[in-house]
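Novice: For reference, the structure I am asking about is given below.
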Amino acid sequence: MKPLRSMAAFAAALLLGLGAPLPAACAQGEAKGIAGTTTARPTENDPVVAKREHDLAKQLRCLVCQNETIADSRADLAVDLRRQVREQIAAGRSDTEIINFMTDRYGDFVLYKPPLQATTIVLWFGPFLLLAAGAWVAWRVVRARRNAPAPAPLTDEQRARAAAMLDTQSNPSGANK
């Protein structure tokens, strides 16, 4: 371990001696791994942070589109929510803290897969209940039609009356053909 530190110190001295500019993060004391400094803050160009942001955005529902995640939506609100996620990642919050922040602010509906709770039971089982109710109604209608008695045939008097009504409607002036 000592040879690595001495090599790092030698390389830093060599860079300083040659007048090579240090990266801005090193100059500000934010480089990761330098003794006595803080860790680097995530940036938009960091692929690990970008993947984490995308993974979080896939877990959150767009409140405008409602059947898209904020990662897939182009709505203005989805853009704002992605920005909030990015800012919270930059602030050093964990995924759980970010999800809790979003659910505290927008409720469980913001989660693309809401937890199974008493308040979300309709979201989980509502479609199945509606499907079962529709199947039951369809079964009852079909069964009622099968068991319905056949209509009684018309009597001669009813046929004559129907023919007279049809004749009156087709010839309103009362003139016969």
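Ordering of the structure tokens sets the chain letters (A, B, ...); residue numbers start at 1 within each chain; ligands are numbered from 1 in the order shown.
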List the neighbours of range 84-90 of chain A out to 12 Å using only C-alpha atoms; skip same-chain residues closer than 5 positions along the sequence, and give me the result as number ranges by chain.
Specialist: A: 39-46, 48-60, 70-71, 77-79, 95-102, 105
Novice: So that I can see what lies close to Tyr112 in chain A, please list as a PyMOL selection string the residues with an atom at most 9 Å from it, counting only C-alpha atoms and leaving out residues fewer than 3 positions away in the same chain.
Specialist: chain A and resi 58-62+66-69+108-109
Novice: Give me a file of those residues, with N, CA and C atoms, as a PDB file, in the first residue's frame.
Specialist:
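The resulting result.pdb:
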```
ATOM      1  N   LYS A  58     -38.264   4.647 -13.976  1.00  0.00           N
ATOM      2  CA  LYS A  58     -39.092   3.518 -14.421  1.00  0.00           C
ATOM      3  C   LYS A  58     -40.059   3.065 -13.322  1.00  0.00           C
ATOM      4  N   GLN A  59     -39.772   3.415 -12.070  1.00  0.00           N
ATOM      5  CA  GLN A  59     -40.625   3.018 -10.951  1.00  0.00           C
ATOM      6  C   GLN A  59     -41.723   4.037 -10.670  1.00  0.00           C
ATOM      7  N   LEU A  60     -41.646   5.215 -11.297  1.00  0.00           N
ATOM      8  CA  LEU A  60     -42.589   6.294 -10.999  1.00  0.00           C
ATOM      9  C   LEU A  60     -43.523   6.535 -12.182  1.00  0.00           C
ATOM     10  N   ARG A  61     -44.807   6.705 -11.875  1.00  0.00           N
ATOM     11  CA  ARG A  61     -45.846   6.904 -12.888  1.00  0.00           C
ATOM     12  C   ARG A  61     -45.945   8.388 -13.236  1.00  0.00           C
ATOM     13  N   CYS A  62     -46.153   8.646 -14.514  1.00  0.00           N
ATOM     14  CA  CYS A  62     -46.445  10.014 -14.942  1.00  0.00           C
ATOM     15  C   CYS A  62     -47.877  10.317 -14.518  1.00  0.00           C
ATOM     16  N   GLN A  66     -50.584   8.686 -16.919  1.00  0.00           N
ATOM     17  CA  GLN A  66     -51.129   7.677 -16.020  1.00  0.00           C
ATOM     18  C   GLN A  66     -50.850   6.234 -16.398  1.00  0.00           C
ATOM     19  N   ASN A  67     -50.498   5.923 -17.621  1.00  0.00           N
ATOM     20  CA  ASN A  67     -50.106   4.550 -17.893  1.00  0.00           C
ATOM     21  C   ASN A  67     -48.715   4.496 -18.502  1.00  0.00           C
ATOM     22  N   GLU A  68     -47.931   5.525 -18.222  1.00  0.00           N
ATOM     23  CA  GLU A  68     -46.531   5.578 -18.631  1.00  0.00           C
ATOM     24  C   GLU A  68     -45.688   5.942 -17.429  1.00  0.00           C
ATOM     25  N   THR A  69     -44.457   5.460 -17.440  1.00  0.00           N
ATOM     26  CA  THR A  69     -43.533   5.877 -16.396  1.00  0.00           C
ATOM     27  C   THR A  69     -43.009   7.262 -16.748  1.00  0.00           C
ATOM     28  N   ASP A 108     -49.413   7.208  -3.195  1.00  0.00           N
ATOM     29  CA  ASP A 108     -49.004   5.914  -3.744  1.00  0.00           C
ATOM     30  C   ASP A 108     -49.271   5.807  -5.243  1.00  0.00           C
ATOM     31  N   PHE A 109     -50.146   6.653  -5.762  1.00  0.00           N
ATOM     32  CA  PHE A 109     -50.473   6.590  -7.184  1.00  0.00           C
ATOM     33  C   PHE A 109     -49.275   6.908  -8.060  1.00  0.00           C
TER      34      PHE A 109
END
```
Novice: Select, from A:Thr103, A:Leu63, A:Thr168, A:Ala138, the residue with the minimum atom-to-atom distance to Pro115 in chain A, counting only C-alpha atoms.
Specialist: A:Thr103
Novice: According to DSSP computed on the backbone, where in range 57-162 of chain A is there strand (DSSP E or B)? Give the residues as a PyMOL selection string.
Specialist: chain A and resi 60-61+69+111
Novice: Would you mind exporting N, CA and C atoms of the selected residues as a compact mmCIF listing (two decimals), in the first residue's frame?
Specialist:
```txt
# COMPACT_ATOMS: atom_id res chain seq x y z
N LEU A 60 -41.65 5.22 -11.30
CA LEU A 60 -42.59 6.29 -11.00
C LEU A 60 -43.52 6.53 -12.18
N ARG A 61 -44.81 6.70 -11.88
CA ARG A 61 -45.85 6.90 -12.89
C ARG A 61 -45.95 8.39 -13.24
N THR A 69 -44.46 5.46 -17.44
CA THR A 69 -43.53 5.88 -16.40
C THR A 69 -43.01 7.26 -16.75
N LEU A 111 -46.40 5.70 -7.77
CA LEU A 111 -45.63 4.47 -7.97
C LEU A 111 -46.23 3.69 -9.12
```
Novice: Any idea what the distance is between CA of Thr119 in chain A and CA of Asp72 in chain A?
Specialist: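 Going from CA of Thr119 in chain A over to CA of Asp72 in chain A covers 26.2 Å.
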